[in-house]
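Below: run_27.cif (mmCIF, C-alpha atoms)
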data_final
loop_
_atom_site.label_atom_id
_atom_site.label_comp_id
_atom_site.auth_asym_id
_atom_site.auth_seq_id
_atom_site.Cartn_x
_atom_site.Cartn_y
_atom_site.Cartn_z
CA MET A 1 15.89 -3.83 -17.07
CA ASP A 2 18.85 -4.63 -14.90
CA GLU A 3 19.43 -8.31 -15.53
CA GLU A 4 22.06 -8.49 -12.80
CA ARG A 5 19.42 -7.96 -10.17
CA LEU A 6 17.27 -10.82 -11.29
CA PRO A 7 17.48 -13.43 -8.55
CA LEU A 8 19.08 -16.71 -9.56
CA ASN A 9 19.76 -15.36 -13.02
CA ASP A 10 23.08 -17.18 -13.08
CA VAL A 11 21.98 -20.69 -12.13
CA ASP A 12 21.54 -23.39 -14.73
CA GLU A 13 18.99 -25.42 -12.81
CA ALA A 14 15.27 -24.85 -13.09
CA VAL A 15 13.88 -21.91 -11.12
CA ALA A 16 10.20 -21.75 -10.21
CA TRP A 17 8.58 -18.35 -9.70
CA VAL A 18 5.73 -18.20 -7.22
CA GLY A 19 3.58 -15.09 -7.63
CA ASP A 20 1.43 -13.45 -4.98
CA SER A 21 -1.74 -11.37 -5.31
CA GLY A 22 0.07 -8.12 -4.54
CA LEU A 23 2.39 -8.50 -7.52
CA PHE A 24 -0.52 -8.61 -9.95
CA ILE A 25 -2.40 -5.86 -8.13
CA ALA A 26 0.64 -3.57 -8.16
CA CYS A 27 0.92 -4.13 -11.92
CA GLY A 28 -2.65 -3.00 -12.39
CA ARG A 29 -2.70 0.02 -10.10
CA GLN A 30 -2.88 3.43 -11.79
CA GLN A 31 -1.49 2.58 -15.23
CA ASN A 32 -1.89 -1.03 -16.13
CA ASN A 33 0.76 -1.04 -18.85
CA LYS A 34 2.85 -2.59 -16.08
CA TYR A 35 0.89 -5.76 -16.65
CA THR A 36 2.20 -5.92 -20.22
CA ALA A 37 5.71 -5.35 -18.86
CA LEU A 38 5.31 -8.30 -16.49
CA GLU A 39 4.14 -10.52 -19.33
CA ARG A 40 7.08 -9.43 -21.47
CA PHE A 41 9.44 -10.13 -18.59
CA ALA A 42 7.97 -13.59 -18.06
CA ARG A 43 8.23 -14.46 -21.74
CA ARG A 44 11.76 -13.15 -22.12
CA HIS A 45 12.97 -15.24 -19.20
CA ASN A 46 10.79 -18.20 -19.92
CA ILE A 47 9.06 -17.84 -16.58
CA THR A 48 5.64 -19.12 -15.66
CA PHE A 49 4.35 -17.55 -12.47
CA VAL A 50 2.83 -20.24 -10.29
CA ILE A 51 0.05 -18.83 -8.11
CA PRO A 52 -1.61 -20.51 -5.13
CA GLN A 53 -5.31 -21.25 -5.59
CA ARG A 54 -5.92 -18.79 -2.81
CA VAL A 55 -4.36 -16.00 -4.88
CA TYR A 56 -6.55 -16.88 -7.83
CA ALA A 57 -9.63 -16.84 -5.58
CA GLU A 58 -8.63 -13.53 -4.00
CA LEU A 59 -8.18 -11.78 -7.33
CA GLY A 60 -11.41 -13.25 -8.68
CA GLY A 61 -13.35 -12.27 -5.58
CA ALA A 62 -12.37 -8.60 -5.56
CA PRO A 63 -14.95 -5.87 -6.22
CA ASP A 64 -15.39 -5.15 -9.94
CA ARG A 65 -14.39 -1.52 -9.63
CA SER A 66 -11.19 -2.20 -7.69
CA THR A 67 -7.78 -2.76 -9.28
CA PRO A 68 -7.69 -6.50 -8.45
CA GLY A 69 -11.24 -6.87 -9.81
CA GLN A 70 -9.92 -5.70 -13.17
CA THR A 71 -6.69 -7.67 -13.17
CA PRO A 72 -6.67 -9.80 -16.33
CA ILE A 73 -5.49 -12.90 -14.50
CA ASN A 74 -7.62 -15.25 -16.60
CA SER A 75 -6.13 -14.05 -19.85
CA ALA A 76 -2.65 -14.44 -18.33
CA ILE A 77 -3.52 -18.02 -17.46
CA ASP A 78 -4.94 -18.62 -20.94
CA ALA A 79 -1.81 -17.11 -22.44
CA GLY A 80 0.28 -19.48 -20.36
CA TRP A 81 2.54 -17.17 -18.37
CA VAL A 82 0.56 -17.65 -15.15
CA THR A 83 -0.58 -21.00 -13.87
CA VAL A 84 -2.62 -21.97 -10.82
CA ALA A 85 -0.80 -24.44 -8.58
CA ASP A 86 -2.25 -27.79 -7.66
CA ASP A 87 -3.20 -28.01 -4.02
CA PRO A 88 -0.09 -28.88 -2.04
CA ASP A 89 -0.15 -32.11 -0.07
CA TYR A 90 -0.96 -30.72 3.37
CA THR A 91 -0.49 -34.15 4.96
CA ASN A 92 3.16 -34.06 3.93
CA SER A 93 5.09 -33.24 7.09
CA THR A 94 7.59 -31.03 5.28
CA VAL A 95 4.80 -28.95 3.78
CA SER A 96 3.14 -28.50 7.15
CA ARG A 97 6.42 -27.68 8.90
CA VAL A 98 7.16 -25.00 6.32
CA MET A 99 3.66 -23.58 6.70
CA ASP A 100 4.03 -23.48 10.48
CA SER A 101 7.36 -21.70 10.14
CA VAL A 102 5.89 -19.12 7.77
CA ARG A 103 3.04 -18.58 10.16
CA ARG A 104 5.37 -17.97 13.09
CA TYR A 105 7.47 -15.63 10.99
CA ILE A 106 4.47 -13.53 9.89
CA ALA A 107 3.09 -13.42 13.44
CA ASP A 108 6.41 -12.23 14.76
CA SER A 109 7.09 -9.64 12.07
CA SER A 110 3.54 -8.22 12.12
CA ASN A 111 3.56 -8.29 15.94
CA ARG A 112 0.54 -10.54 16.30
CA SER A 113 -0.08 -13.73 18.18
CA GLU A 114 0.01 -16.85 16.04
CA ASP A 115 -3.73 -17.39 16.31
CA HIS A 116 -4.19 -14.13 14.41
CA ILE A 117 -2.43 -15.72 11.44
CA GLU A 118 -4.51 -18.07 9.36
CA LYS A 119 -3.10 -21.19 7.83
CA ALA A 120 -4.24 -19.89 4.45
CA ASP A 121 -1.92 -16.89 4.89
CA THR A 122 0.93 -19.32 4.38
CA ALA A 123 -0.30 -20.62 1.00
CA LEU A 124 2.70 -19.05 -0.71
CA GLY A 125 5.04 -21.15 1.42
CA ALA A 126 3.09 -24.31 0.73
CA VAL A 127 3.27 -23.79 -3.01
CA ALA A 128 6.94 -22.85 -2.86
CA VAL A 129 7.96 -25.96 -0.93
CA ASN A 130 5.82 -28.09 -3.20
CA CYS A 131 7.75 -26.85 -6.25
CA LEU A 132 10.96 -28.01 -4.57
CA LEU A 133 9.57 -31.28 -3.25
CA ASN A 134 8.16 -32.30 -6.61
CA ARG A 135 11.54 -31.65 -8.17
CA ASP A 136 9.85 -29.30 -10.62
CA ALA A 137 12.55 -26.86 -9.68
CA GLU A 138 15.87 -26.70 -7.93
CA PHE A 139 15.27 -23.13 -6.79
CA VAL A 140 12.26 -20.99 -6.11
CA VAL A 141 11.71 -17.23 -6.28
CA VAL A 142 8.80 -15.76 -4.33
CA ALA A 143 7.58 -12.56 -5.97
CA THR A 144 5.34 -10.63 -3.62
CA THR A 145 4.65 -7.13 -2.33
CA ASP A 146 4.16 -8.64 1.14
CA THR A 147 7.61 -8.41 2.71
CA ASP A 148 6.62 -10.45 5.76
CA ALA A 149 5.30 -13.28 3.60
CA GLY A 150 8.24 -13.21 1.16
CA GLU A 151 10.89 -13.18 3.85
CA GLY A 152 8.91 -15.69 5.86
CA VAL A 153 8.86 -18.23 3.04
CA VAL A 154 12.60 -17.92 2.49
CA ALA A 155 13.33 -18.25 6.22
CA ALA A 156 10.97 -21.23 6.52
CA LEU A 157 12.55 -23.06 3.59
CA ASP A 158 16.04 -22.31 4.91
CA ALA A 159 15.09 -23.75 8.28
CA ASN A 160 13.46 -26.88 6.87
CA GLY A 161 16.10 -28.47 4.70
CA PHE A 162 16.02 -26.18 1.66
CA GLU A 163 18.87 -23.93 2.59
CA ASP A 164 19.73 -21.29 0.04
CA ARG A 165 17.21 -22.55 -2.47
CA ALA A 166 14.69 -19.73 -2.18
CA ARG A 167 14.80 -16.01 -2.85
CA PHE A 168 12.34 -13.25 -2.08
CA LYS A 169 11.82 -10.76 -4.89
CA ASP A 170 10.07 -7.58 -3.79
CA GLY A 171 7.15 -7.06 -6.17
CA PHE A 172 7.49 -3.26 -6.21
CA GLU A 173 11.18 -3.54 -7.05
CA LEU A 174 10.51 -6.06 -9.78
CA ILE A 175 7.93 -3.77 -11.39
CA ASP A 176 10.28 -0.78 -11.16
CA GLU A 177 12.99 -2.78 -12.86
CA ILE A 178 10.88 -4.00 -15.75
CA THR A 179 9.02 -0.78 -16.57
CA MET B 1 -1.56 27.66 14.61
CA TYR B 2 -5.07 28.73 13.71
CA TYR B 3 -5.66 32.39 13.73
CA MET B 4 -9.26 32.62 12.72
CA SER B 5 -9.78 34.51 15.90
CA LYS B 6 -6.68 36.49 16.71
CA ALA B 7 -7.45 37.36 20.26
CA THR B 8 -8.10 33.97 21.72
CA GLY B 9 -6.37 30.68 21.81
CA GLY B 10 -7.59 27.78 23.84
CA PRO B 11 -11.07 26.44 23.30
CA GLU B 12 -12.03 28.75 20.47
CA ARG B 13 -8.89 27.95 18.51
CA ALA B 14 -9.30 24.23 19.10
CA VAL B 15 -12.89 24.13 17.89
CA ASN B 16 -12.15 26.32 14.88
CA GLY B 17 -9.25 24.01 14.08
CA LEU B 18 -11.58 21.04 14.28
CA LEU B 19 -13.92 22.67 11.77
CA SER B 20 -11.03 23.46 9.41
CA VAL B 21 -9.82 19.88 9.45
CA ALA B 22 -13.38 18.66 8.95
CA ARG B 23 -13.71 20.88 5.90
CA LEU B 24 -10.44 19.58 4.45
CA LEU B 25 -11.68 16.04 4.97
CA GLU B 26 -14.92 16.78 3.18
CA GLU B 27 -13.62 18.20 -0.07
CA PRO B 28 -10.90 16.18 -1.77
CA ARG B 29 -10.01 19.11 -4.02
CA LEU B 30 -9.16 21.26 -1.00
CA ALA B 31 -7.23 18.37 0.58
CA ARG B 32 -5.25 17.89 -2.61
CA LEU B 33 -4.46 21.59 -2.87
CA TYR B 34 -3.40 21.74 0.77
CA THR B 35 -1.12 18.72 0.25
CA PHE B 36 0.39 20.25 -2.88
CA VAL B 37 1.27 23.47 -1.06
CA LEU B 38 2.66 21.56 1.93
CA ARG B 39 4.89 19.42 -0.28
CA ASN B 40 6.17 22.33 -2.33
CA GLU B 41 6.54 24.90 0.45
CA GLU B 42 6.28 28.37 -1.10
CA VAL B 43 4.03 28.28 -4.14
CA THR B 44 2.39 30.79 -6.43
CA ILE B 45 -0.97 30.56 -8.16
CA ASP B 46 0.89 29.66 -11.35
CA ASP B 47 2.59 26.75 -9.58
CA ILE B 48 -0.83 25.56 -8.46
CA THR B 49 -2.55 25.83 -11.84
CA ASP B 50 0.39 24.02 -13.49
CA GLY B 51 0.95 21.42 -10.79
CA LEU B 52 -2.67 20.47 -10.22
CA ASP B 53 -4.07 21.29 -13.61
CA LEU B 54 -6.70 23.57 -12.07
CA PRO B 55 -8.41 26.52 -13.75
CA ARG B 56 -7.07 29.82 -12.45
CA THR B 57 -10.38 30.91 -10.96
CA THR B 58 -10.64 27.65 -9.01
CA ALA B 59 -7.06 28.00 -7.79
CA TYR B 60 -7.79 31.50 -6.52
CA SER B 61 -11.02 30.60 -4.86
CA ASP B 62 -9.69 27.39 -3.24
CA THR B 63 -6.53 29.03 -1.91
CA GLY B 64 -8.76 31.80 -0.53
CA THR B 65 -10.90 29.21 1.22
CA LEU B 66 -7.84 27.53 2.73
CA VAL B 67 -6.43 30.86 3.90
CA ASP B 68 -9.74 31.64 5.58
CA LEU B 69 -9.68 28.23 7.23
CA GLY B 70 -6.21 28.92 8.58
CA ALA B 71 -4.71 26.00 6.65
CA LEU B 72 -2.63 28.18 4.31
CA THR B 73 -0.89 31.51 4.76
CA ARG B 74 -0.52 34.08 2.00
CA ASP B 75 2.60 36.22 1.83
CA ASP B 76 1.50 39.56 0.39
CA ASP B 77 4.90 41.23 0.71
CA GLN B 78 6.27 40.02 -2.58
CA LYS B 79 4.97 41.16 -5.93
CA THR B 80 3.75 37.67 -6.71
CA HIS B 81 1.87 36.33 -3.71
CA THR B 82 3.12 33.04 -2.37
CA TYR B 83 1.28 30.50 -0.28
CA ALA B 84 2.59 28.23 2.44
CA ALA B 85 0.82 25.46 4.31
CA ILE B 86 0.43 25.30 8.06
CA PRO B 87 0.98 21.72 9.21
CA ILE B 88 -2.18 20.51 10.89
CA THR B 89 -2.59 17.97 13.61
CA LEU B 90 -5.79 17.18 15.42
CA THR B 91 -6.41 14.44 17.92
CA ALA B 92 -9.95 13.16 18.27
CA THR B 93 -10.92 11.10 21.28
CA LEU B 94 -14.24 9.36 21.55
CA ASP B 95 -15.05 7.08 24.48
CA GLY B 96 -11.44 6.07 24.78
CA ASP B 97 -10.84 5.56 21.08
CA GLU B 98 -8.29 7.98 19.76
CA TYR B 99 -7.12 9.10 16.36
CA THR B 100 -4.65 11.73 15.34
CA VAL B 101 -5.32 13.39 12.01
CA THR B 102 -2.14 14.64 10.34
CA PRO B 103 -1.38 15.91 6.83
CA THR B 104 -0.82 12.32 5.68
CA LEU B 105 -4.51 11.48 6.10
CA ILE B 106 -5.42 14.71 4.32
CA ALA B 107 -3.08 13.70 1.48
CA ALA B 108 -4.68 10.26 1.25
CA PHE B 109 -8.15 11.78 1.11
CA GLY B 110 -7.04 14.31 -1.49
CA ARG B 111 -5.77 11.55 -3.70
CA SER B 112 -8.98 9.53 -3.59
CA PRO B 113 -10.71 10.97 -6.70
CA HIS B 114 -7.61 9.98 -8.69
CA ASP B 115 -7.26 6.48 -7.28
CA GLN B 116 -9.98 3.94 -7.96
CA ASP B 117 -9.16 1.83 -4.91
CA LEU B 118 -9.21 4.71 -2.42
CA ASP B 119 -12.30 6.09 -4.11
CA LEU B 120 -14.11 2.77 -3.76
CA LEU B 121 -12.97 2.41 -0.15
CA LEU B 122 -14.42 5.82 0.72
CA GLU B 123 -17.63 5.17 -1.14
CA ARG B 124 -18.25 1.84 0.52
CA HIS B 125 -16.75 2.28 3.97
CA GLY B 126 -16.26 5.98 4.59
CA LEU B 127 -13.47 8.16 5.88
CA GLY B 128 -13.08 6.23 9.14
CA LYS B 129 -11.98 3.16 7.20
CA LEU B 130 -9.48 5.21 5.22
CA ALA B 131 -8.06 6.53 8.50
CA ALA B 132 -7.89 3.02 9.94
CA ALA B 133 -6.26 1.65 6.80
CA LEU B 134 -3.59 4.33 7.08
CA THR B 135 -2.57 2.97 10.49
CA TYR B 136 -1.78 -0.32 8.70
CA ALA B 137 -0.11 1.31 5.71
CA VAL B 138 2.45 2.97 7.99
CA PRO B 139 4.06 -0.32 9.13
CA TYR B 140 3.28 -1.94 5.75
CA ALA B 141 5.41 0.65 3.95
CA ASP B 142 8.28 -0.43 6.21
CA GLY B 143 7.70 -4.11 5.42
CA GLU B 144 6.47 -4.76 8.96
CA MET B 145 2.83 -5.62 8.43
CA SER B 146 1.62 -8.55 6.39
CA GLU B 147 -0.96 -7.70 3.74
CA ARG B 148 -3.42 -10.39 4.73
CA VAL B 149 -3.22 -9.63 8.43
CA ALA B 150 -4.06 -6.01 7.64
CA ALA B 151 -6.86 -6.85 5.18
CA ARG B 152 -8.47 -9.24 7.66
CA GLU B 153 -8.29 -6.83 10.58
CA LEU B 154 -9.71 -4.05 8.39
CA ASP B 155 -12.46 -6.45 7.35
CA LEU B 156 -11.80 -5.92 3.65
CA GLN B 157 -11.85 -8.50 0.87
CA TYR B 158 -8.21 -9.64 0.72
CA ALA B 159 -7.23 -8.49 -2.75
CA PHE B 160 -9.06 -5.20 -2.35
CA GLY B 161 -7.37 -4.71 1.03
CA ILE B 162 -3.98 -5.26 -0.61
CA ALA B 163 -4.82 -2.68 -3.30
CA VAL B 164 -5.79 -0.15 -0.62
CA LEU B 165 -2.55 -0.80 1.28
CA GLN B 166 -0.55 -0.32 -1.90
CA ALA B 167 -2.35 2.96 -2.63
CA LEU B 168 -1.69 4.22 0.89
CA ARG B 169 1.90 3.01 0.81
CA ASP B 170 2.53 5.52 -1.99
CA VAL B 171 0.99 8.26 0.14
CA VAL B 172 3.05 7.26 3.19
CA LEU B 173 6.31 7.18 1.23
CA LYS B 174 5.63 10.65 -0.18
CA MET B 175 4.44 12.18 3.08
CA GLU B 176 6.76 10.79 5.75
CA SER B 177 9.43 13.38 5.02
CA VAL B 178 6.89 16.22 4.59
CA ASP B 179 4.44 15.63 7.44
CA PRO B 180 5.95 16.98 10.67
CA TYR B 181 3.43 14.98 12.69
CA PHE B 182 3.95 11.72 10.84
CA GLU B 183 5.15 9.99 14.01
CA ASP B 184 1.83 10.77 15.68
CA ILE B 185 -0.16 8.56 13.31
CA GLN B 186 -1.22 5.45 15.17
CA ASP B 187 0.67 2.33 14.13
CA ALA B 188 -1.54 -0.74 13.83
CA ARG B 189 1.46 -2.96 14.44
CA GLU B 190 1.50 -1.80 18.03
CA HIS B 191 -2.15 -2.56 18.63
CA ALA B 192 -3.53 -6.00 17.99
CA PRO B 193 -7.29 -5.92 17.61
CA SER B 194 -9.30 -7.25 20.53
CA SER B 195 -10.19 -10.92 20.33
CA GLU B 196 -13.82 -10.44 19.32
CA ASP B 197 -12.64 -8.95 16.03
#

Now, as a test, write the supplied structure out as structure tokens.
Amino acid sequence: MDEERLPLNDVDEAVAWVGDSGLFIACGRQQNNKYTALERFARRHNITFVIPQRVYAELGGAPDRSTPGQTPINSAIDAGWVTVADDPDYTNSTVSRVMDSVRRYIADSSNRSEDHIEKADTALGAVAVNCLLNRDAEFVVVATTDTDAGEGVVAALDANGFEDRARFKDGFELIDEIT
Amino acid sequence: MYYMSKATGGPERAVNGLLSVARLLEEPRLARLYTFVLRNEEVTIDDITDGLDLPRTTAYSDTGTLVDLGALTRDDDQKTHTYAAIPITLTATLDGDEYTVTPTLIAAFGRSPHDQDLDLLLERHGLGKLAAALTYAVPYADGEMSERVAARELDLQYAFGIAVLQALRDVVLKMESVDPYFEDIQDAREHAPSSED
């Protein structure tokens, strides 16, 4: 693995990693040894992937015979390298501003009107800003295969008082680098 | 492009072409073989048996079928016969709804027996859903379509929808340089679904 390409590898402060459904699905597609590689990566770098409750529900609700339906997310949680986030405080104005920004970003980049974007689509942003607000972490990395969502979270945090404290890590790239 | 009937073009050629495409979209093994030949240009039977891990008799009989359908050509001039694929495009219009089938859809269909997510999609929702999902995978592969927007508009469970997009992304990335009609595939980014969806 190319350590140089790991985002925020050189900072001393705590970095939170927020993981999206697509990252875990991409690990499981075709050969699921990539899942072991992700676990190894997490352990080596002392990372716990924080996942929104929505992501947990999505993976759990997938058809049994699909890749996400077979993703061993529960054993990852039991093993401690994945954890389900507490519900963010949606009444917090910073959280809701970030979510609105993410929503606008996704609408714009997917060429849809904002009412086609559901608030739940921005769960990644809510969890990311919560990690920073709670001072659990100084920086946050969003690992997703959804470019719109990943870039949207970074742009939303930049625009709402968390400049340069978030990075988007493309899930496909991450998997390529660690396998 | 189709020469099932040498003398005539026009209507006869168009309808025969329709039947050829329909056949390719019925048998994943034929679709996979067609895609293999298209991606590798001039291939021999040995290339096919090695590349697709097919028995020799199957390779002969399937290439024969595709030659008869006008989807492959066989060059008999050389000592070892070589096969080449004829790029196919077919536009279907039904009551104002339009879809253009290109080799990328044929490639996606051909991959389905080897991909549990595409296989499940076809089993549960049929070929039309695969074709629709491809129109989302095109912008998705460029990072211009959000996974959850696509899954919702395709009416698929979110995580399963993401898996399907990821499967088709691989197909798109492999085919965009090979499929001469790639640009003709509808792009879901350009068409928001109507409000009742």

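Distance annotation: of A:Asp176, A:Asp148, A:Asp100, A:Arg29, the residue with the minimal separation from Arg65 (chain A) is A:Arg29; atom set is all atoms listed in the file.
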
_Residue list for chain A near chain B as a ChimeraX atom specification, 6 Å, only C-alpha atoms_ = /A:58-59,62,66,109-111,146-148

Find the residues of region 17-98 of chain A that sit at most 12 Å from region 154-172 of chain A; for each, write down the nearest two atoms and how far apart they are in Å, to one decimal. Count only C-alpha atoms. Sort by chain, then by number going up, and give it as CSV.
residue,atom,partner,partner_atom,distance
A:Trp17,CA,A:Arg167,CA,9.5
A:Val18,CA,A:Phe168,CA,9.7
A:Gly19,CA,A:Gly171,CA,8.9
A:Asp20,CA,A:Gly171,CA,8.7
A:Ser21,CA,A:Gly171,CA,9.9
A:Gly22,CA,A:Gly171,CA,7.3
A:Leu23,CA,A:Gly171,CA,5.2
A:Phe24,CA,A:Gly171,CA,8.7
A:Ile25,CA,A:Gly171,CA,9.8
A:Ala26,CA,A:Phe172,CA,7.1
A:Cys27,CA,A:Phe172,CA,8.7
A:Gly28,CA,A:Phe172,CA,11.9
A:Arg29,CA,A:Phe172,CA,11.4
A:Lys34,CA,A:Phe172,CA,10.9
A:Leu38,CA,A:Gly171,CA,10.6
A:Ser93,CA,A:Asn160,CA,10.5
A:Thr94,CA,A:Asn160,CA,7.4
A:Val95,CA,A:Asn160,CA,9.4
A:Ser96,CA,A:Asn160,CA,10.5
A:Arg97,CA,A:Asn160,CA,7.4
A:Val98,CA,A:Ala156,CA,5.4

*What is the distance, in Å and to one decimal place, between CA of Val140 (chain A) and CA of Ala128 (chain A)?*
6.5 Å

Just the residues within 8 Å of Arg74 (chain B), please, counting all atoms listed in the file, with nothing from its chain fewer than 6 positions along; format it as a tab-separated table (two decimals) with C-alpha atoms, in the coordinates of the input.
chain	number	residue	atom	x	y	z
B	67	VAL	CA	-6.43	30.86	3.90
B	81	HIS	CA	1.87	36.33	-3.71
B	82	THR	CA	3.12	33.04	-2.37
B	83	TYR	CA	1.28	30.50	-0.28
B	84	ALA	CA	2.59	28.23	2.44

Check which residues satisfy the PyMOL selection byres ((chain B and resi 90-106) around 6) in the file shown, then give them as a PDB file with C-alpha atoms, in the coordinates of the input.
ATOM      1  CA  ALA B  31      -7.230  18.370   0.580  1.00  0.00           C
ATOM      2  CA  ILE B  88      -2.180  20.510  10.890  1.00  0.00           C
ATOM      3  CA  THR B  89      -2.590  17.970  13.610  1.00  0.00           C
ATOM      4  CA  ALA B 107      -3.080  13.700   1.480  1.00  0.00           C
ATOM      5  CA  ALA B 108      -4.680  10.260   1.250  1.00  0.00           C
ATOM      6  CA  PHE B 109      -8.150  11.780   1.110  1.00  0.00           C
ATOM      7  CA  MET B 175       4.440  12.180   3.080  1.00  0.00           C
ATOM      8  CA  ASP B 179       4.440  15.630   7.440  1.00  0.00           C
ATOM      9  CA  ILE B 185      -0.160   8.560  13.310  1.00  0.00           C
TER      10      ILE B 185
END

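What separates CA of Thr83 (chain A) from CA of Val50 (chain A) is a distance of 5.0 Å.
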
*asked:* I need the residue nearest Ile86 (chain B) from this list: B:Ile48, B:Leu168, B:Leu24, B:Leu38. Use all atoms listed in the file for the distance.
replied: B:Leu38

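For the pair CA of Ser101 (chain A) and CA of Asp136 (chain A), the interatomic distance is 22.2 Å.
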
*asked:* Which residues are close to Thr179 (chain A), i.e. within 9 Å by all atoms listed in the file, leaving aside same-chain residues fewer than 4 positions away? Reply as a ChimeraX atom specification.
replied: /A:1,33-34,37-38,174-175

_Minimum-distance residue to Ile47 (chain A), chosen among A:Leu124, A:Phe139, A:Val15, A:Pro7 (using only C-alpha atoms)_ =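 Distance minimum relative to Ile47 (chain A) lands on A:Val15.
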
Tell me, as a tab-separated table (two decimals) with C-alpha atoms, keeping the file's coordinate frame, which residues lie within 12 Å of Ile77 (chain A), counting all atoms listed in the file; anything in the same chain fewer than 6 positions away does not count.
chain	number	residue	atom	x	y	z
A	39	GLU	CA	4.14	-10.52	-19.33
A	48	THR	CA	5.64	-19.12	-15.66
A	49	PHE	CA	4.35	-17.55	-12.47
A	50	VAL	CA	2.83	-20.24	-10.29
A	51	ILE	CA	0.05	-18.83	-8.11
A	56	TYR	CA	-6.55	-16.88	-7.83
A	71	THR	CA	-6.69	-7.67	-13.17
A	83	THR	CA	-0.58	-21.00	-13.87
A	84	VAL	CA	-2.62	-21.97	-10.82
A	85	ALA	CA	-0.80	-24.44	-8.58

_Using all atoms listed in the file, can you tell me which of A:Tyr90, A:Leu132, A:Val102, A:Lys119 comes closest to Gly152 (chain A)?_
A:Val102

4 Å per side around region 91-95 of chain B: axis-aligned box centre and edge lengths, as lines of an AutoDock Vina configuration file:
center_x = -10.7
center_y = 10.8
center_z = 21.2
size_x = 16.6
size_y = 15.4
size_z = 14.6

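Minimum atom-to-atom distance to Ser177 (chain B), evaluated using all atoms listed in the file, belongs to B:Arg39 out of B:Glu12, B:Thr57, B:Arg39, B:Asp68.
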
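Nearest residue to Leu66 (chain B), choosing from B:Val43, B:Val21, B:Ala133, B:Leu52 and counting only C-alpha atoms: B:Val21.
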
Requested file, region 97-101 of chain A restricted to all heavy atoms, as a PDB file, in the first residue's frame:
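Saved the output as part-v2.pdb:
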ATOM      1  N   ARG A  97     -27.274  22.924   8.711  1.00  0.00           N
ATOM      2  CA  ARG A  97     -26.702  23.710   7.608  1.00  0.00           C
ATOM      3  C   ARG A  97     -25.805  22.829   6.727  1.00  0.00           C
ATOM      4  O   ARG A  97     -25.829  22.902   5.501  1.00  0.00           O
ATOM      5  CB  ARG A  97     -25.912  24.920   8.136  1.00  0.00           C
ATOM      6  CG  ARG A  97     -26.771  26.171   8.261  1.00  0.00           C
ATOM      7  CD  ARG A  97     -25.955  27.403   8.594  1.00  0.00           C
ATOM      8  NE  ARG A  97     -25.444  27.348   9.959  1.00  0.00           N
ATOM      9  CZ  ARG A  97     -24.160  27.365  10.293  1.00  0.00           C
ATOM     10  NH1 ARG A  97     -23.232  27.436   9.363  1.00  0.00           N
ATOM     11  NH2 ARG A  97     -23.805  27.298  11.566  1.00  0.00           N
ATOM     12  N   VAL A  98     -25.011  21.984   7.379  1.00  0.00           N
ATOM     13  CA  VAL A  98     -24.137  21.085   6.611  1.00  0.00           C
ATOM     14  C   VAL A  98     -24.979  20.131   5.760  1.00  0.00           C
ATOM     15  O   VAL A  98     -24.713  19.923   4.571  1.00  0.00           O
ATOM     16  CB  VAL A  98     -23.180  20.302   7.548  1.00  0.00           C
ATOM     17  CG1 VAL A  98     -22.512  19.139   6.815  1.00  0.00           C
ATOM     18  CG2 VAL A  98     -22.124  21.241   8.125  1.00  0.00           C
ATOM     19  N   MET A  99     -26.051  19.610   6.374  1.00  0.00           N
ATOM     20  CA  MET A  99     -26.901  18.683   5.614  1.00  0.00           C
ATOM     21  C   MET A  99     -27.549  19.375   4.416  1.00  0.00           C
ATOM     22  O   MET A  99     -27.623  18.811   3.318  1.00  0.00           O
ATOM     23  CB  MET A  99     -27.958  18.063   6.530  1.00  0.00           C
ATOM     24  CG  MET A  99     -27.339  17.098   7.552  1.00  0.00           C
ATOM     25  SD  MET A  99     -28.531  16.456   8.744  1.00  0.00           S
ATOM     26  CE  MET A  99     -29.326  15.177   7.785  1.00  0.00           C
ATOM     27  N   ASP A 100     -27.986  20.619   4.630  1.00  0.00           N
ATOM     28  CA  ASP A 100     -28.576  21.364   3.506  1.00  0.00           C
ATOM     29  C   ASP A 100     -27.557  21.596   2.397  1.00  0.00           C
ATOM     30  O   ASP A 100     -27.877  21.495   1.215  1.00  0.00           O
ATOM     31  CB  ASP A 100     -29.120  22.720   3.986  1.00  0.00           C
ATOM     32  CG  ASP A 100     -30.415  22.562   4.759  1.00  0.00           C
ATOM     33  OD1 ASP A 100     -31.024  21.465   4.665  1.00  0.00           O
ATOM     34  OD2 ASP A 100     -30.811  23.508   5.467  1.00  0.00           O
ATOM     35  N   SER A 101     -26.327  21.919   2.810  1.00  0.00           N
ATOM     36  CA  SER A 101     -25.274  22.136   1.799  1.00  0.00           C
ATOM     37  C   SER A 101     -24.993  20.867   1.007  1.00  0.00           C
ATOM     38  O   SER A 101     -24.828  20.910  -0.209  1.00  0.00           O
ATOM     39  CB  SER A 101     -23.954  22.568   2.449  1.00  0.00           C
ATOM     40  OG  SER A 101     -24.066  23.777   3.100  1.00  0.00           O
TER      41      SER A 101
END
